[in-house]
Structure formats: C-alpha cells, structure tokens
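Structure file input22.pdb (PDB, C-alpha atoms) is printed below.
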```
ATOM      1  CA  MET A   1     116.960-111.355 132.144
ATOM      2  CA  ALA A   2     113.476-111.732 130.651
ATOM      3  CA  SER A   3     112.029-108.903 132.751
ATOM      4  CA  SER A   4     114.862-106.498 131.903
ATOM      5  CA  LEU A   5     114.545-107.365 128.205
ATOM      6  CA  ALA A   6     110.794-106.717 128.314
ATOM      7  CA  ALA A   7     111.319-103.393 130.087
ATOM      8  CA  ALA A   8     113.924-102.272 127.581
ATOM      9  CA  SER A   9     111.584-103.137 124.701
ATOM     10  CA  LYS A  10     108.891-100.700 125.871
ATOM     11  CA  PRO A  11     108.179 -97.565 123.814
ATOM     12  CA  GLY A  12     110.656 -94.809 124.624
ATOM     13  CA  PHE A  13     113.708 -97.062 124.859
ATOM     14  CA  LYS A  14     116.419 -96.957 122.215
ATOM     15  CA  VAL A  15     116.740-100.388 120.588
ATOM     16  CA  ILE A  16     119.977-102.095 119.609
ATOM     17  CA  LYS A  17     120.743-101.885 115.906
ATOM     18  CA  GLN A  18     124.085-103.701 115.948
ATOM     19  CA  ILE A  19     126.783-104.969 118.313
ATOM     20  CA  LEU A  20     130.381-104.464 117.150
ATOM     21  CA  PRO A  21     132.983-106.675 118.864
ATOM     22  CA  SER A  22     136.431-105.481 119.878
ATOM     23  CA  PRO A  23     138.537-104.864 116.717
ATOM     24  CA  PRO A  24     142.278-105.593 116.270
ATOM     25  CA  GLN A  25     144.636-102.854 117.458
ATOM     26  CA  HIS A  26     147.038-100.831 115.325
ATOM     27  CA  TRP A  27     149.568 -98.054 115.897
ATOM     28  CA  VAL A  28     148.955 -94.389 115.115
ATOM     29  CA  GLY A  29     152.431 -92.913 114.991
ATOM     30  CA  ASP A  30     154.638 -94.441 117.668
ATOM     31  CA  GLY A  31     152.689 -93.276 120.711
ATOM     32  CA  PHE A  32     149.093 -94.382 120.279
ATOM     33  CA  HIS A  33     148.243 -98.108 120.189
ATOM     34  CA  VAL A  34     144.537 -97.980 119.417
ATOM     35  CA  TYR A  35     141.387 -99.942 118.698
ATOM     36  CA  PRO A  36     139.545 -98.518 115.638
ATOM     37  CA  VAL A  37     136.238 -98.728 117.483
ATOM     38  CA  PHE A  38     133.877 -98.004 114.583
ATOM     39  CA  HIS A  39     135.356-100.683 112.283
ATOM     40  CA  ASN A  40     134.138-100.273 108.694
ATOM     41  CA  LEU A  41     131.266 -98.007 109.793
ATOM     42  CA  ALA A  42     133.629 -95.072 110.295
ATOM     43  CA  PHE A  43     132.781 -92.053 108.111
ATOM     44  CA  SER A  44     129.264 -93.382 107.442
ATOM     45  CA  GLN A  45     125.786 -91.951 107.958
ATOM     46  CA  GLU A  46     125.140 -94.827 110.400
ATOM     47  CA  LEU A  47     127.040 -92.947 113.110
ATOM     48  CA  SER A  48     126.506 -89.310 112.080
ATOM     49  CA  PRO A  49     127.557 -86.829 113.389
ATOM     50  CA  TRP A  50     130.413 -89.014 114.720
ATOM     51  CA  LEU A  51     133.020 -90.013 112.144
ATOM     52  CA  MET A  52     135.814 -92.003 113.771
ATOM     53  CA  PHE A  53     136.789 -93.323 117.213
ATOM     54  CA  ASP A  54     140.225 -94.575 118.247
ATOM     55  CA  TYR A  55     140.681 -95.938 121.777
ATOM     56  CA  GLY A  56     144.115 -96.493 123.299
ATOM     57  CA  ALA A  57     143.640 -99.049 126.105
ATOM     58  CA  PRO A  58     145.945 -98.807 129.153
ATOM     59  CA  LYS A  59     149.525 -99.489 128.077
ATOM     60  CA  THR A  60     152.750 -99.002 130.030
ATOM     61  CA  PHE A  61     155.498 -97.009 128.307
ATOM     62  CA  PRO A  62     159.057 -97.018 129.682
ATOM     63  CA  PRO A  63     160.861 -93.709 130.343
ATOM     64  CA  THR A  64     162.281 -92.159 127.180
ATOM     65  CA  THR A  65     163.681 -88.944 125.762
ATOM     66  CA  LYS A  66     161.952 -89.599 122.421
ATOM     67  CA  ARG A  67     158.829 -87.718 121.387
ATOM     68  CA  LEU A  68     156.209 -90.442 121.076
ATOM     69  CA  GLY A  69     153.117 -89.613 119.046
ATOM     70  CA  VAL A  70     152.257 -88.053 115.699
ATOM     71  CA  GLY A  71     154.116 -85.125 114.119
ATOM     72  CA  GLN A  72     152.607 -82.247 112.162
ATOM     73  CA  HIS A  73     149.604 -83.157 110.011
ATOM     74  CA  PRO A  74     146.625 -81.226 108.598
ATOM     75  CA  HIS A  75     142.880 -81.382 109.212
ATOM     76  CA  ARG A  76     139.898 -79.659 107.614
ATOM     77  CA  GLY A  77     136.129 -79.932 107.919
ATOM     78  CA  PHE A  78     135.573 -81.516 111.340
ATOM     79  CA  GLU A  79     136.557 -81.560 115.032
ATOM     80  CA  THR A  80     138.886 -83.829 117.006
ATOM     81  CA  ILE A  81     138.167 -84.631 120.649
ATOM     82  CA  THR A  82     140.983 -86.153 122.690
ATOM     83  CA  ILE A  83     140.290 -87.558 126.168
ATOM     84  CA  ALA A  84     143.213 -88.397 128.470
ATOM     85  CA  PHE A  85     142.297 -91.105 130.982
ATOM     86  CA  GLN A  86     145.843 -91.877 132.170
ATOM     87  CA  GLY A  87     149.099 -90.157 131.250
ATOM     88  CA  GLU A  88     149.406 -86.828 129.445
ATOM     89  CA  VAL A  89     148.920 -85.649 125.846
ATOM     90  CA  GLU A  90     150.689 -82.558 124.498
ATOM     91  CA  HIS A  91     149.165 -80.565 121.628
ATOM     92  CA  GLY A  92     150.516 -77.823 119.383
ATOM     93  CA  ASP A  93     149.005 -76.277 116.242
ATOM     94  CA  SER A  94     149.531 -73.774 113.446
ATOM     95  CA  VAL A  95     147.315 -71.076 114.959
ATOM     96  CA  GLY A  96     149.288 -70.876 118.193
ATOM     97  CA  ASN A  97     147.413 -73.181 120.546
ATOM     98  CA  ARG A  98     149.624 -75.287 122.814
ATOM     99  CA  GLY A  99     148.745 -77.284 125.889
ATOM    100  CA  VAL A 100     148.972 -80.484 127.905
ATOM    101  CA  ILE A 101     145.980 -82.491 129.068
ATOM    102  CA  GLY A 102     146.209 -84.985 131.921
ATOM    103  CA  SER A 103     143.976 -87.561 133.568
ATOM    104  CA  GLY A 104     140.309 -86.690 133.028
ATOM    105  CA  ASP A 105     141.011 -83.677 130.805
ATOM    106  CA  VAL A 106     139.671 -83.156 127.275
ATOM    107  CA  GLN A 107     141.087 -81.312 124.265
ATOM    108  CA  TRP A 108     138.341 -80.248 121.833
ATOM    109  CA  MET A 109     139.872 -78.943 118.605
ATOM    110  CA  THR A 110     137.763 -77.509 115.792
ATOM    111  CA  ALA A 111     139.812 -77.809 112.604
ATOM    112  CA  ALA A 112     137.069 -76.199 110.465
ATOM    113  CA  ARG A 113     138.703 -74.426 107.470
ATOM    114  CA  GLY A 114     142.075 -75.900 108.322
ATOM    115  CA  ILE A 115     144.711 -76.444 110.949
ATOM    116  CA  ILE A 116     148.070 -78.207 111.140
ATOM    117  CA  HIS A 117     148.779 -79.808 114.490
ATOM    118  CA  GLU A 118     150.855 -82.397 116.326
ATOM    119  CA  GLU A 119     150.102 -84.713 119.243
ATOM    120  CA  PHE A 120     152.658 -86.380 121.501
ATOM    121  CA  HIS A 121     153.008 -87.861 124.948
ATOM    122  CA  SER A 122     153.907 -84.872 127.110
ATOM    123  CA  THR A 123     157.602 -84.288 127.749
ATOM    124  CA  GLU A 124     157.206 -84.867 131.481
ATOM    125  CA  PHE A 125     155.224 -88.073 131.055
ATOM    126  CA  ALA A 126     157.733 -89.429 128.527
ATOM    127  CA  LYS A 127     160.631 -88.773 130.931
ATOM    128  CA  LYS A 128     158.931 -90.650 133.775
ATOM    129  CA  GLY A 129     157.101 -93.303 131.748
ATOM    130  CA  GLY A 130     153.976 -94.979 133.047
ATOM    131  CA  LYS A 131     150.513 -96.121 132.102
ATOM    132  CA  PHE A 132     148.883 -94.341 129.179
ATOM    133  CA  GLU A 133     145.183 -94.485 128.193
ATOM    134  CA  MET A 134     143.334 -92.169 125.851
ATOM    135  CA  ALA A 135     140.590 -91.828 123.254
ATOM    136  CA  GLN A 136     140.268 -89.676 120.169
ATOM    137  CA  LEU A 137     136.993 -89.051 118.380
ATOM    138  CA  TRP A 138     136.328 -87.230 115.133
ATOM    139  CA  LEU A 139     133.091 -85.232 114.999
ATOM    140  CA  ASN A 140     131.685 -83.911 111.748
ATOM    141  CA  LEU A 141     130.757 -80.296 111.079
ATOM    142  CA  PRO A 142     127.805 -79.230 108.914
ATOM    143  CA  ALA A 143     128.657 -77.565 105.605
ATOM    144  CA  SER A 144     127.716 -74.175 107.068
ATOM    145  CA  HIS A 145     130.611 -74.408 109.569
ATOM    146  CA  LYS A 146     133.274 -76.403 107.708
ATOM    147  CA  MET A 147     135.085 -73.210 106.661
ATOM    148  CA  ASP A 148     134.793 -71.391 110.003
ATOM    149  CA  ALA A 149     137.939 -70.246 111.782
ATOM    150  CA  PRO A 150     139.664 -72.968 113.837
ATOM    151  CA  ARG A 151     138.844 -73.138 117.542
ATOM    152  CA  TYR A 152     140.451 -74.838 120.544
ATOM    153  CA  GLN A 153     138.728 -75.775 123.811
ATOM    154  CA  PRO A 154     140.999 -77.081 126.582
ATOM    155  CA  ILE A 155     138.546 -78.648 129.052
ATOM    156  CA  LEU A 156     140.046 -79.555 132.429
ATOM    157  CA  SER A 157     138.624 -82.402 134.480
ATOM    158  CA  LYS A 158     137.600 -80.004 137.258
ATOM    159  CA  ASP A 159     135.426 -78.092 134.776
ATOM    160  CA  ILE A 160     133.469 -81.151 133.584
ATOM    161  CA  PRO A 161     130.181 -81.495 135.491
ATOM    162  CA  SER A 162     129.607 -84.865 137.159
ATOM    163  CA  ILE A 163     126.118 -86.018 138.113
ATOM    164  CA  PRO A 164     124.945 -89.117 139.997
ATOM    165  CA  LEU A 165     123.603 -92.200 138.222
ATOM    166  CA  HIS A 166     120.767 -93.967 140.040
ATOM    167  CA  ALA A 167     119.138 -97.387 139.929
ATOM    168  CA  VAL A 168     115.771 -97.365 138.148
ATOM    169  CA  GLN A 169     113.972-100.355 139.644
ATOM    170  CA  GLU A 170     114.053-102.507 142.720
ATOM    171  CA  LYS A 171     116.407-105.470 142.608
ATOM    172  CA  GLU A 172     114.503-108.440 143.983
ATOM    173  CA  THR A 173     117.394-110.488 145.407
ATOM    174  CA  THR A 174     120.919-110.018 146.691
ATOM    175  CA  ASP A 175     123.687-110.855 144.276
ATOM    176  CA  ASN A 176     125.715-114.051 144.403
ATOM    177  CA  LYS A 177     128.185-112.503 146.853
ATOM    178  CA  GLY A 178     125.421-111.683 149.289
ATOM    179  CA  GLU A 179     125.820-107.926 148.891
ATOM    180  CA  GLU A 180     122.950-105.641 149.791
ATOM    181  CA  ALA A 181     120.370-105.219 147.060
ATOM    182  CA  LYS A 182     120.100-101.811 145.425
ATOM    183  CA  GLN A 183     116.696-100.148 145.430
ATOM    184  CA  CYS A 184     115.145 -97.801 142.922
ATOM    185  CA  GLY A 185     116.835 -94.409 143.312
ATOM    186  CA  ASP A 186     119.983 -95.733 144.988
ATOM    187  CA  LEU A 187     123.292 -94.349 143.755
ATOM    188  CA  VAL A 188     125.036 -96.796 141.403
ATOM    189  CA  GLY A 189     127.561 -94.599 139.594
ATOM    190  CA  SER A 190     128.270 -91.241 137.978
ATOM    191  CA  ILE A 191     128.172 -89.457 134.609
ATOM    192  CA  ARG A 192     130.763 -86.883 133.528
ATOM    193  CA  LEU A 193     129.102 -84.565 131.020
ATOM    194  CA  ILE A 194     131.760 -83.661 128.455
ATOM    195  CA  ALA A 195     129.094 -82.474 125.993
ATOM    196  CA  GLY A 196     125.305 -82.488 125.904
ATOM    197  CA  SER A 197     122.928 -82.395 128.843
ATOM    198  CA  GLN A 198     121.483 -84.839 131.342
ATOM    199  CA  GLY A 199     119.065 -84.297 134.204
ATOM    200  CA  GLY A 200     119.032 -80.541 133.683
ATOM    201  CA  THR A 201     122.838 -80.200 133.777
ATOM    202  CA  ASP A 202     124.772 -79.031 130.712
ATOM    203  CA  GLY A 203     128.109 -80.456 129.623
ATOM    204  CA  ALA A 204     131.366 -78.531 129.396
ATOM    205  CA  ALA A 205     131.939 -78.293 125.634
ATOM    206  CA  ASN A 206     130.476 -75.819 123.169
ATOM    207  CA  THR A 207     129.258 -77.643 120.051
ATOM    208  CA  PHE A 208     128.008 -76.638 116.605
ATOM    209  CA  THR A 209     125.235 -79.244 116.487
ATOM    210  CA  PRO A 210     123.390 -81.147 119.254
ATOM    211  CA  VAL A 211     125.854 -83.739 120.587
ATOM    212  CA  GLU A 212     126.185 -85.967 123.670
ATOM    213  CA  LEU A 213     129.506 -87.254 125.033
ATOM    214  CA  PHE A 214     129.269 -88.870 128.467
ATOM    215  CA  ASP A 215     132.007 -90.569 130.502
ATOM    216  CA  VAL A 216     130.095 -93.074 132.640
ATOM    217  CA  THR A 217     131.157 -95.168 135.631
ATOM    218  CA  ILE A 218     128.766 -97.821 136.984
ATOM    219  CA  GLU A 219     130.071 -99.002 140.346
ATOM    220  CA  SER A 220     127.278-101.449 141.199
ATOM    221  CA  PRO A 221     126.666-104.493 138.952
ATOM    222  CA  ASN A 222     123.363-106.225 138.179
ATOM    223  CA  VAL A 223     121.255-103.085 138.700
ATOM    224  CA  PRO A 224     119.395-101.435 135.795
ATOM    225  CA  CYS A 225     120.127 -97.766 135.172
ATOM    226  CA  GLU A 226     119.105 -95.330 132.471
ATOM    227  CA  ILE A 227     120.610 -92.479 130.475
ATOM    228  CA  GLU A 228     118.579 -90.106 128.342
ATOM    229  CA  ILE A 229     119.491 -89.342 124.720
ATOM    230  CA  PRO A 230     117.016 -87.291 122.632
ATOM    231  CA  SER A 231     114.794 -89.044 120.122
ATOM    232  CA  GLY A 232     116.221 -88.742 116.622
ATOM    233  CA  HIS A 233     119.797 -88.808 117.869
ATOM    234  CA  ASN A 234     122.099 -91.675 116.964
ATOM    235  CA  ALA A 235     123.567 -93.304 120.070
ATOM    236  CA  VAL A 236     126.638 -95.442 120.742
ATOM    237  CA  VAL A 237     127.614 -97.283 123.942
ATOM    238  CA  PHE A 238     131.336 -98.134 124.146
ATOM    239  CA  VAL A 239     132.749-100.311 126.948
ATOM    240  CA  ARG A 240     136.160 -99.168 128.193
ATOM    241  CA  ARG A 241     136.288-101.825 130.894
ATOM    242  CA  GLY A 242     133.851-104.219 132.506
ATOM    243  CA  ALA A 243     130.733-105.226 130.573
ATOM    244  CA  VAL A 244     127.099-104.185 130.189
ATOM    245  CA  GLU A 245     123.872-105.850 129.183
ATOM    246  CA  ILE A 246     121.429-103.977 126.935
ATOM    247  CA  GLN A 247     118.168-105.677 125.972
ATOM    248  CA  GLY A 248     119.551-109.089 126.871
ATOM    249  CA  GLN A 249     122.727-108.659 124.804
ATOM    250  CA  SER A 250     126.113-108.266 126.468
ATOM    251  CA  VAL A 251     128.744-105.807 125.310
ATOM    252  CA  GLU A 252     132.309-106.723 126.285
ATOM    253  CA  PRO A 253     135.472-104.586 126.713
ATOM    254  CA  GLN A 254     136.222-102.437 123.658
ATOM    255  CA  GLY A 255     132.901-103.537 122.163
ATOM    256  CA  VAL A 256     130.160-101.209 120.966
ATOM    257  CA  ALA A 257     126.360-101.178 120.904
ATOM    258  CA  LEU A 258     124.865 -99.057 118.111
ATOM    259  CA  LEU A 259     121.319 -97.943 118.906
ATOM    260  CA  HIS A 260     118.423 -96.825 116.724
ATOM    261  CA  PRO A 261     117.682 -93.090 116.854
ATOM    262  CA  ASP A 262     114.041 -93.647 117.908
ATOM    263  CA  GLY A 263     113.354 -93.506 121.639
ATOM    264  CA  THR A 264     114.824 -91.341 124.370
ATOM    265  CA  THR A 265     116.245 -93.788 126.933
ATOM    266  CA  ILE A 266     119.188 -96.184 127.082
ATOM    267  CA  ARG A 267     118.537 -98.809 129.750
ATOM    268  CA  MET A 268     121.516-100.962 130.674
ATOM    269  CA  THR A 269     122.886-103.134 133.450
ATOM    270  CA  ALA A 270     126.564-103.410 134.357
ATOM    271  CA  LEU A 271     127.751-107.017 134.587
ATOM    272  CA  GLU A 272     130.911-106.160 136.554
ATOM    273  CA  LYS A 273     131.837-103.730 139.313
ATOM    274  CA  ASP A 274     133.257-100.386 138.222
ATOM    275  CA  THR A 275     132.252-100.771 134.593
ATOM    276  CA  GLN A 276     133.355 -97.740 132.571
ATOM    277  CA  LEU A 277     131.684 -96.534 129.385
ATOM    278  CA  LEU A 278     131.747 -93.757 126.848
ATOM    279  CA  ILE A 279     128.309 -92.882 125.513
ATOM    280  CA  LEU A 280     128.118 -90.902 122.275
ATOM    281  CA  GLY A 281     124.999 -89.346 120.842
ATOM    282  CA  GLY A 282     124.100 -86.700 118.345
ATOM    283  CA  GLU A 283     121.636 -85.319 115.848
ATOM    284  CA  PRO A 284     122.574 -86.724 112.417
ATOM    285  CA  ILE A 285     123.999 -84.271 109.898
ATOM    286  CA  ASN A 286     122.070 -85.247 106.797
ATOM    287  CA  GLU A 287     124.686 -84.160 104.281
ATOM    288  CA  PRO A 288     127.059 -86.109 102.012
ATOM    289  CA  ILE A 289     130.298 -87.258 103.650
ATOM    290  CA  ALA A 290     133.429 -87.029 101.487
ATOM    291  CA  ALA A 291     136.454 -88.217 103.479
ATOM    292  CA  ARG A 292     140.058 -88.718 102.461
ATOM    293  CA  GLY A 293     142.868 -89.002 105.003
ATOM    294  CA  PRO A 294     142.796 -85.946 107.289
ATOM    295  CA  PHE A 295     140.033 -84.097 105.420
ATOM    296  CA  VAL A 296     136.244 -84.497 105.731
ATOM    297  CA  MET A 297     134.143 -82.394 103.373
ATOM    298  CA  ASN A 298     130.895 -82.778 101.412
ATOM    299  CA  THR A 299     132.221 -83.270  97.872
ATOM    300  CA  GLN A 300     135.252 -84.681  96.059
ATOM    301  CA  GLU A 301     135.960 -81.239  94.639
ATOM    302  CA  GLU A 302     136.190 -79.816  98.179
ATOM    303  CA  LEU A 303     138.651 -82.591  99.062
ATOM    304  CA  ARG A 304     140.814 -81.665  96.073
ATOM    305  CA  GLU A 305     140.735 -78.015  97.174
ATOM    306  CA  ALA A 306     141.801 -79.012 100.695
ATOM    307  CA  MET A 307     144.759 -80.964  99.349
ATOM    308  CA  MET A 308     145.780 -78.091  97.061
ATOM    309  CA  ASP A 309     145.538 -75.610  99.951
ATOM    310  CA  PHE A 310     147.717 -77.882 102.092
ATOM    311  CA  ARG A 311     150.346 -78.339  99.386
ATOM    312  CA  SER A 312     150.455 -74.606  98.667
ATOM    313  CA  GLY A 313     150.795 -73.695 102.354
ATOM    314  CA  ARG A 314     147.451 -71.908 102.555
ATOM    315  CA  LEU A 315     145.806 -74.444 104.904
ATOM    316  CA  GLY A 316     146.355 -73.707 108.559
ATOM    317  CA  GLN A 317     147.112 -70.013 108.130
TER     318      GLN A 317
END
```
As a first step, turn the structure in this file into structure tokens.
Amino acid sequence: MASSLAAASKPGFKVIKQILPSPPQHWVGDGFHVYPVFHNLAFSQELSPWLMFDYGAPKTFPPTTKRLGVGQHPHRGFETITIAFQGEVEHGDSVGNRGVIGSGDVQWMTAARGIIHEEFHSTEFAKKGGKFEMAQLWLNLPASHKMDAPRYQPILSKDIPSIPLHAVQEKETTDNKGEEAKQCGDLVGSIRLIAGSQGGTDGAANTFTPVELFDVTIESPNVPCEIEIPSGHNAVVFVRRGAVEIQGQSVEPQGVALLHPDGTTIRMTALEKDTQLLILGGEPINEPIAARGPFVMNTQEELREAMMDFRSGRLGQ
C-alpha cells in the first residue's frame, strides 16, 4: 500500500479532499428508492458543476399495473441525466418528448428556461416486474444558458463509446488466489464515455460546459489503473458495487471520494472483482447557486420568477 500511496501523491495526481460514506436511502415518488449520494454538499460550489446525485441500488419490484415513479413536476435552470442500469425508465414532458430508456441507456434532459416532465417505470417493465437500478444526476447550467430552449438527448447504450482500461504498473506478486499477475498495459476493465473525453475518444453527450461522466468497470482487482480528468476540474468517484482504494483510503459501495481540482490523473485500485464506478468531473461554474425545490438559478429573485411562471402556466410552454 505504501508504494501505491507514494505514487498517487506525485505531482499530476488528483488528491482526495473528502470521503463521503454511504448515506441512508429515501423514496422519490413510489418508484425510486435512492441514496442521496452528495449528502449535505448537494447544490454547493464544492461539486460544481454537479448539483445533486440520487442512486437507486438494485431493487426487485413485483409485477403491477400501477405507474410507479414521479408524476408531472417542473424544472428550470439545469439539466437532469438519468442512467438506466437495470429495468426501464419512461419519460414524458411538456414540449413533446417521450421515450423509454433501458439497460445502459441515458436520458439527458436540458430543462433550461423550463419544462414540466414525468418519470415512471416503463409500462412493460411494470407489467413484468424485475430488478431495477438507476441513477439521476443534476448538472448546473451557466447563467448564459439557463433561459435557453429545453433540449432532450436520448442516448442509447449502443451509441456510447467504450474504451479499454489498462493497468499502469507491474504487479510484483500473484494475488492470494494464485491468479496470474497483471502487467503494465494489460486490460483490466472498460470505460463507457457518456460525456467528456478520454484517450482521444469523445463521449456521446453534447454539453454546455466541459463535463466528464464515465461509467467504469474494473474487472481485475489489486491492479492500479488511471483515468484522466483535466486540471481545474472537480472530480468525484462513486462506487456502485465493489470497492476501490485511492491514495491508501478505501471507498465502499455507495461511498464517494471527492478530489481536489488540481492534477490531471485519478489513480485507483479495485479491491474486488468487477468493481463498478461512476466518475464525474467538470469545470466549476463560478456563479452563485440559488436552489429551491425543482429550480436552480443564480438569485432569489430568479427563483421567485420561476415559481410565478409555473403557477401562471407560462413555464414549460
């Protein structure tokens, strides 16, 4: 552990700022049983441009004819990104977008000046029942784009580039199960590039500011690997399942490592086979954050205007 800690402390590596443990779960509507991943740091400059992160761990739902989820509600001033890992999510909104995303798909919705939408388990999934796993992230918009027209990006799994993840240094001994040691350059996993770029490959989503969103699988444990995030970008490592070690500190399931913006490299080691992560990064938006319920603006006056527009029926038109 000492050698990996020393390596990760070299200039160029992003350093841990804080480890957040797994938080208690709560329900959003009647279809999403989620961990509020960012705890009390949600809607803070600490995580900018990211605002909020709810993760629904795998949960089995019985067959039903009910619509499970969240009915019509407004948003203004930011984007919502929904990732379906298992099961299906159905979306509909006030500007005519409708769709269903399934395993590996992403729904990237830009609320901007205002949208009213609903999110449910898909009708077909609800009828059959089964295991459901998803994540929803809220991503801030700069003031210059908060009143743009709404936009919807349905991103299918087949359209998300996947690149290999390689070991970065020789492993000196076999592991405790006697498995073959991995050498520098050996394949240890993969990275799905939802947004941002890595190794010369661009992600699938179009974004308003520089953002990284990577879905990472590390198949081989006890082997260091690295992911690049630009200097100046905030970075977050979230563990969906398994565990990772970063700079001698372990991050457990549904836990988070927040990293300093300095440096360009995240070096980590999976502690279990088939560890799965979401890695978030982004250039901070250095503007005031005024958040209330489903609205994220820059001032309290803008929040009042959003509420008045919603009550008068102007929002979402």
- prompt: Using only C-alpha atoms, what residues lie at most 8 Å away from (131.2, -102.3, 116.5) (file coordinates), given as a ChimeraX atom specification?
  reply: /A:18-23,37-39,41,255-258
query: Expressed in Å to a single decimal, how great is the separation between atom CA of A:Glu219 and atom CA of A:Gly203?
result: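 Pair atom CA of A:Glu219 / atom CA of A:Gly203 returns 21.5 Å.
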query: Within 10 Å of (155.8, -93.3, 128.8), in the coordinates the file gives, what residues turn up when you count only C-alpha atoms, written out as a ChimeraX atom specification?
result: /A:31,59-68,87-88,121-132
task: Would you list the contacts of A:Glu302 as a list in words, taking every protein, DNA or RNA residue within 12 Å and counting only C-alpha atoms, but skipping same-chain residues closer than 3 positions in sequence?
output: Arg76, Gly77, Arg113, Ala143, Lys146, Met147, Pro288, Ile289, Ala290, Ala291, Arg292, Phe295, Val296, Met297, Asn298, Thr299, Glu305, Ala306, Met307, Met308 and Asp309 of chain A
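Atom CA of A:Met52 is found 18.6 Å from atom CA of A:Ile116.
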query: Got a sec to resolve the PyMOL selection byres ((chain A and resi 263) around 12) on this structure and send the residues as a ChimeraX atom specification?
result: /A:8-16,227-235,259-262,264-267
Step by step, gather every atom of stretch 126-141 of chain A that the file lists, find the box along x, y and z that holds them, add 5 Å on each side, and finally give centre and edge lengths in Å to one decimal, as lines of an AutoDock Vina configuration file.
```
center_x = 145.7
center_y = -88.2
center_z = 122.4
size_x = 39.9
size_y = 25.8
size_z = 32.7
```
query: What gap, in Å, lies between atom CA of A:Leu51 and atom CA of A:Leu139?
result: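 Between atom CA of A:Leu51 and atom CA of A:Leu139 the gap works out to 5.6 Å.
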- prompt: Applied to the shown file, which residues does the PyMOL selection byres ((chain A and resi 134) around 7) return, written as a list in words?
  reply: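 Checking the PyMOL selection byres ((chain A and resi 134) around 7) against this file, the residues are Tyr55, Gly56, Ala57, Ile83, Ala84, Phe85, Gln86, Phe132, Glu133, Ala135 and Gln136 of chain A.
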query: Which residue, A:Gly29, A:Ile155, A:Gly316, A:Leu193, has the smallest gap to A:Gly114 when you use all atoms listed in the file?
result: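 The answer is A:Gly316, which sits nearest to A:Gly114.
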query: Looking at all atoms listed in the file, which of A:Asp186, A:Asn140, A:His145, A:Glu301 is the one that sits closest to A:Ser44?
result: A:Asn140
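Using all atoms listed in the file, the protein and nucleic acid residues lying no more than 6 Å from A:Ile194, apart from those fewer than 3 places from it along its own chain, are Ile160, Gly203, Ala204, Leu213 and Phe214 of chain A.
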task: Taking the file above as input, evaluate the PyMOL selection byres ((chain A and resi 157) around 9) and report the hits as a list of chain:residue names.
output: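 Matching residues under the PyMOL selection byres ((chain A and resi 157) around 9) are A:Gly102, A:Ser103, A:Gly104, A:Asp105, A:Val106, A:Ile155, A:Leu156, A:Lys158, A:Asp159, A:Ile160, A:Pro161.
Of the residues listed (A:Val244, A:Ala195, A:Leu47, A:Leu303), A:Val244 shows the shortest atom-to-atom separation from A:Thr269; distances use all atoms listed in the file.
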Of the listed residues A:Leu137, A:Leu278, A:Val34, A:Val89, that which approaches A:Glu119 most closely, counting all atoms listed in the file: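 Of the candidates, the smallest distance to A:Glu119 is held by A:Val89.
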query: For A:Thr209, which of A:Asp54, A:Glu283, A:Asp93, A:Glu46 is the closest residue, counting only C-alpha atoms?
result: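 Comparing A:Asp54, A:Glu283, A:Asp93, A:Glu46 against A:Thr209, the winner is A:Glu283.
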field: Nearest to A:Pro36 by atom-to-atom distance, counting all atoms listed in the file, from A:Phe238, A:Asn286, A:Gly99, A:Thr275
entry: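 Ranking A:Phe238, A:Asn286, A:Gly99, A:Thr275 by distance to A:Pro36, first place goes to A:Phe238.
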message: I'd like the contact shell of A:Gly185 - 7 Å cut-off, all atoms listed in the file, skipping same-chain residues fewer than 4 positions apart - returned as a count of residues only.
response: 3
Extract, using all atoms listed in the file, all DNA, RNA and protein residues at most 9 Å from A:Glu272, discarding same-chain residues fewer than 5 positions from it, and format them as a short mmCIF file (atom, residue, chain, number, x, y, z; two decimals) with C-alpha atoms, in the frame of the given file.
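Output (selection-v2.cif):
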```
data_model
loop_
_atom_site.label_atom_id
_atom_site.label_comp_id
_atom_site.auth_asym_id
_atom_site.auth_seq_id
_atom_site.Cartn_x
_atom_site.Cartn_y
_atom_site.Cartn_z
CA ILE A 218 128.77 -97.82 136.98
CA GLU A 219 130.07 -99.00 140.35
CA SER A 220 127.28 -101.45 141.20
CA PRO A 221 126.67 -104.49 138.95
CA ASN A 222 123.36 -106.22 138.18
CA ARG A 241 136.29 -101.82 130.89
CA GLY A 242 133.85 -104.22 132.51
CA ALA A 243 130.73 -105.23 130.57
CA VAL A 244 127.10 -104.18 130.19
#
```
